[in-house]
Amino acid sequence: MKIVGISAYYHDAAACLVVDGEIVAAAQEERFTRKKHDAGFPGNAIAYCLSAAKAQPAEIDHVVFYDKPFLKFERLLETYLAFAPRGFRSFATSLPVWLKDKLFQKTVLTDALTELWGDDVDWKSRLLFSEHHASHAASAFFPSPFESAAVLTMDGVGEWATTSLAIGEGHRLSMHKEIRFPHSLGLLYSAFTYYTGFKVNSGEYKVMGLAPYGEPKYADLIRKHLIDIREDGSFALDMRYFDYCTGLTMTNGKFDALFGGPPRQAESVLTQREMDLAASVQVIAEEVVLKLAASIARTTGQKNLCLAGGVALNCVANGRLLRERLFERIWIQPAAGDAGGALGAALGAWHVMLDQPRTVGRGIDAMRGSYLGPEYSQADVVERLTRCGAIFGTHSDDAVIEETARALAEGRAVGWMNGRMEFGPRALGGRSILADPRSPTMQKLLNLKVKFRESFRPFAPSVLREDVSDWFEMDSDSPYMLLVADVVERRRQPMTAGEQALFGIDKLNIARSDIPAVTHVDYSARIQTVHEQTNPKYCRLIRRFKELTGCPVLVNTSFNVRGEPIVCSPEDAFRCFMGTELDLLVVGNAILHKTRQSVALAADYKAGYELD
């Protein structure tokens, strides 16, 4: 039986294909359209999923949408009635969109499927709907390596739920408790994302990265005025300070007055105030997550915890949760946001709606390392790069590993496209930019010359699983880059009294460890553990780098520039390579040196990025 899961029409549209309960393929639409956070119907992602399984449209038994539009519309109406007449402008703005597209989503989806696949099949009869948090919970529990677990979902809002608890047993998944809109930890965090000048639904990770530069000076103010946190982790927001129920912004004048001024303008200079605000909301988020988890452990007796929803991408909070040891094991869905809802919708249909059994691997999850996207044969790579005007050579696997490892050891920045593309927001060695973590200047160079993004943004280390505890204060798997831990004491570099006295962004240029390019200003790192069984070529590359340098760690950041999705195809990789200061590009077994490429072509690509 073949089931397609879809998330669309809000943000991060995606599709997934499950065949007899096995995850075969999954991808976000943005990777194909090159429109970041593309929310449109994921026609390209669906087409890819079917091609990966060599399946025909008529073979699809069910198409499952990840939430229930009627319940969302009910929330919109009830929220307006609760706050009326305040909020009429917001209501009047959103109502035409709902009436045109979202309220009649079954028809919209059926029409889109018919346009994609033709009308030989009655797609309306094969279309199913899940609930938003049920989709998230299913995406977290069913691929996990646990026979039973508590499942905590936290996000902005689904239909009504913003935080929910489910219990998974075998192939059963039951929802137990929820916190409802407008009380939302995700929306509280998004309010501070907006207030500190970043884009909601995409800039939250910037707030998390900015937090270590500040002090949580406003945490008590947040507790006193914005959020009432109970001992069991449940919470309520004081809606007098927020505008997302009734207006077109996240916060209002009362919020501005509380924190001493208007929101920061996007792209303006970051000040210590924004850093302290980021530190403060991060502390509050961690407090809520820890209290919720402690209460769940106490009341359910479950030994395992699964996490999903956008808040589960807060890897700093996840790291705190791991260190508290409230559960024996924790597993986090790598596509924890709305894209992962497509996966959960398909798995939920198979296990819950169709009552099909589940096989759990011994300590191994079912996500295949999250390498679920497109891959390209070497012949295809050669043809595509040749059409682009690339100058390259093709080599054996051994030669590729050797040349790339030596380039990295010499301090060069490498674009690395290997195997299947990752599903979810993290690059995990399939579509990555790699570099030497020992360089004290690499973080700044990559941010400014390659990624074209804010200099404060930290980079993540990829480390061999067997070496993780020798470099970081962690001895567990983190294959999806969703856990933060500190660099071990003996790898740190002591700071002078003058360095310790620095504040804010001035902390950035101080080398704090033997691997400064992946060590944040608080000695933390967002860790990816690399395994032979999920990505053997990437694992071999790190091993060879270790043989050359003694360091089993690489800088790993997503292969893209600011404002652009992660690369998908060889053409995407070549464009990013030519438009940035990357030194080397590896696509499968093809190696491209920047110095050997057409100077005129490089100038054209760079000019294109400047225009963008």
# chains A, B, ... in the order shown; residues from 1 in each chain; ligands from 1
>>> residues_around(residues="Gly170 (chain A)", least_positions_apart="6", cutoff="12 Å", atoms="only C-alpha atoms", output="list in words")
Ala138, Phe141, Phe142, Pro143, Ser144, Pro145, Phe146, Glu147, Ser148, Ala149, His351, Val352, Asp355, Gln356, Pro357, Arg358, Thr359 and Val360 of chain A
>>> write_last_selection(atoms="N, CA, C and O atoms", output="short mmCIF file (atom, residue, chain, number, x, y, z; two decimals), in the first residue's frame")
data_model
loop_
_atom_site.label_atom_id
_atom_site.label_comp_id
_atom_site.auth_asym_id
_atom_site.auth_seq_id
_atom_site.Cartn_x
_atom_site.Cartn_y
_atom_site.Cartn_z
N ALA A 138 2.71 11.72 15.34
CA ALA A 138 2.98 10.51 14.55
C ALA A 138 4.36 10.57 13.91
O ALA A 138 5.07 9.56 13.84
N PHE A 141 6.77 9.71 16.91
CA PHE A 141 6.75 8.39 17.55
C PHE A 141 7.00 7.25 16.57
O PHE A 141 7.84 6.37 16.84
N PHE A 142 6.30 7.22 15.46
CA PHE A 142 6.35 6.03 14.61
C PHE A 142 7.73 5.77 14.01
O PHE A 142 8.13 4.61 13.90
N PRO A 143 8.54 6.78 13.64
CA PRO A 143 9.90 6.47 13.17
C PRO A 143 10.90 6.26 14.30
O PRO A 143 12.05 5.88 14.04
N SER A 144 10.51 6.51 15.54
CA SER A 144 11.45 6.44 16.66
C SER A 144 11.86 4.99 16.93
O SER A 144 11.17 4.06 16.50
N PRO A 145 12.93 4.80 17.67
CA PRO A 145 13.37 3.44 18.00
C PRO A 145 12.71 2.88 19.26
O PRO A 145 13.25 1.96 19.88
N PHE A 146 11.55 3.40 19.65
CA PHE A 146 10.90 3.04 20.91
C PHE A 146 9.63 2.25 20.67
O PHE A 146 8.82 2.59 19.79
N GLU A 147 9.43 1.21 21.48
CA GLU A 147 8.15 0.48 21.47
C GLU A 147 7.05 1.31 22.11
O GLU A 147 5.89 1.25 21.71
N SER A 148 7.44 2.10 23.13
CA SER A 148 6.48 2.98 23.78
C SER A 148 7.19 4.26 24.20
O SER A 148 8.40 4.24 24.49
N ALA A 149 6.44 5.35 24.23
CA ALA A 149 7.05 6.63 24.57
C ALA A 149 5.97 7.67 24.81
O ALA A 149 4.84 7.56 24.31
N HIS A 351 -0.70 3.47 10.39
CA HIS A 351 -0.74 2.78 11.68
C HIS A 351 -2.05 2.98 12.43
O HIS A 351 -2.59 2.02 13.01
N VAL A 352 -2.58 4.19 12.44
CA VAL A 352 -3.75 4.50 13.27
C VAL A 352 -5.05 4.31 12.48
O VAL A 352 -5.92 3.54 12.88
N ASP A 355 -4.84 0.76 11.02
CA ASP A 355 -4.58 -0.25 12.06
C ASP A 355 -3.52 -1.27 11.64
O ASP A 355 -3.64 -2.47 11.89
N GLN A 356 -2.45 -0.78 11.03
CA GLN A 356 -1.39 -1.67 10.56
C GLN A 356 -0.26 -1.74 11.59
O GLN A 356 0.05 -0.77 12.26
N PRO A 357 0.36 -2.92 11.73
CA PRO A 357 1.41 -3.11 12.75
C PRO A 357 2.66 -2.30 12.43
O PRO A 357 2.86 -1.81 11.32
N ARG A 358 3.51 -2.21 13.42
CA ARG A 358 4.74 -1.41 13.33
C ARG A 358 5.93 -2.26 13.75
O ARG A 358 5.87 -2.98 14.74
N THR A 359 7.01 -2.17 12.99
CA THR A 359 8.25 -2.86 13.32
C THR A 359 9.25 -1.83 13.83
O THR A 359 9.49 -0.82 13.18
N VAL A 360 9.82 -2.10 15.00
CA VAL A 360 10.77 -1.17 15.61
C VAL A 360 12.17 -1.76 15.51
O VAL A 360 12.40 -2.91 15.90
#
>>> residues_around(residues="Ile3 (chain A)", least_positions_apart="4", cutoff="6 Å", atoms="only C-alpha atoms", output="MDAnalysis selection string")
chainID A and resid 17:18 61:63 346
>>> atom_distance(atom1="CA of Asn560 (chain A)", atom2="CA of Phe452 (chain A)")
9.5 Å
>>> select_by_dssp(residues="region 345-562 of chain A", states="alpha helix (DSSP H)", output="ChimeraX atom specification")
/A:345-348,378-388,397-409,442-445,468-471,497-500,536-549
>>> closest_residue(among="A:Trp350, A:Phe327, A:Phe392, A:Phe545", to="Thr404 (chain A)", atoms="only C-alpha atoms")
A:Phe545
>>> residues_around(residues="region 417-425 of chain A", least_positions_apart="4", cutoff="9 Å", atoms="only C-alpha atoms", output="number ranges by chain")
A: 25-28, 333-337, 339-340, 369-377, 429-433, 535, 537-538, 558-559, 566-570, 573, 585-589
>>> residues_around(residues="Asp522 (chain A)", least_positions_apart="6", cutoff="9 Å", atoms="only C-alpha atoms", output="list of chain:residue names")
A:Pro212, A:Tyr213, A:Asp486, A:Arg512
>>> select_by_dssp(residues="region 116-200 of chain A", states="strand (DSSP E or B)", output="list of chain:residue names")
A:Leu127, A:Leu128, A:Phe129, A:Ser148, A:Ala149, A:Ala150, A:Val151, A:Leu152, A:Thr153, A:Met154, A:Ala161, A:Thr162, A:Thr163, A:Ser164, A:Leu165, A:Ala166, A:Ile167, A:Gly168, A:Glu169, A:Arg172, A:Leu173, A:Ser174, A:Met175, A:His176, A:Lys177, A:Glu178, A:Ile179, A:Arg180
>>> atom_distance(atom1="CA of Ser280 (chain A)", atom2="CA of Gly214 (chain A)")
8.3 Å
>>> closest_residue(among="A:Thr557, A:Ser476, A:Thr299, A:Ser174", to="Leu322 (chain A)", atoms="only C-alpha atoms")
A:Ser476
>>> closest_residue(among="A:Tyr10, A:Gln265, A:Ala590, A:Val561", to="Ser396 (chain A)", atoms="only C-alpha atoms")
A:Ala590
>>> closest_residue(among="A:Lys254, A:Arg412, A:Arg540, A:His520", to="Arg492 (chain A)", atoms="only C-alpha atoms")
A:His520
>>> closest_residue(among="A:Cys16, A:Ile296, A:Arg465, A:Phe65", to="Leu152 (chain A)", atoms="only C-alpha atoms")
A:Ile296
>>> closest_residue(among="A:Gly344, A:Gly5, A:Gly197, A:Gly363", to="Thr251 (chain A)", atoms="only C-alpha atoms")
A:Gly197
>>> atom_distance(atom1="CA of Phe32 (chain A)", atom2="CA of Gly389 (chain A)")
21.2 Å
>>> residues_around(residues="Ser439 (chain A)", least_positions_apart="5", cutoff="9 Å", atoms="only C-alpha atoms", output="list in words")
Gly411, Ala511, Asp514, Ile515, Pro516 and Ala517 of chain A
>>> write_last_selection(atoms="C-alpha atoms", output="PDB file, in the first residue's frame")
ATOM      1  CA  GLY A 411      41.979  25.583   5.341  1.00  0.00           C
ATOM      2  CA  ALA A 511      39.126  31.554  20.150  1.00  0.00           C
ATOM      3  CA  ASP A 514      40.864  23.786  19.946  1.00  0.00           C
ATOM      4  CA  ILE A 515      37.932  23.905  17.500  1.00  0.00           C
ATOM      5  CA  PRO A 516      36.987  27.616  17.622  1.00  0.00           C
ATOM      6  CA  ALA A 517      34.983  27.616  14.360  1.00  0.00           C
TER       7      ALA A 517
END
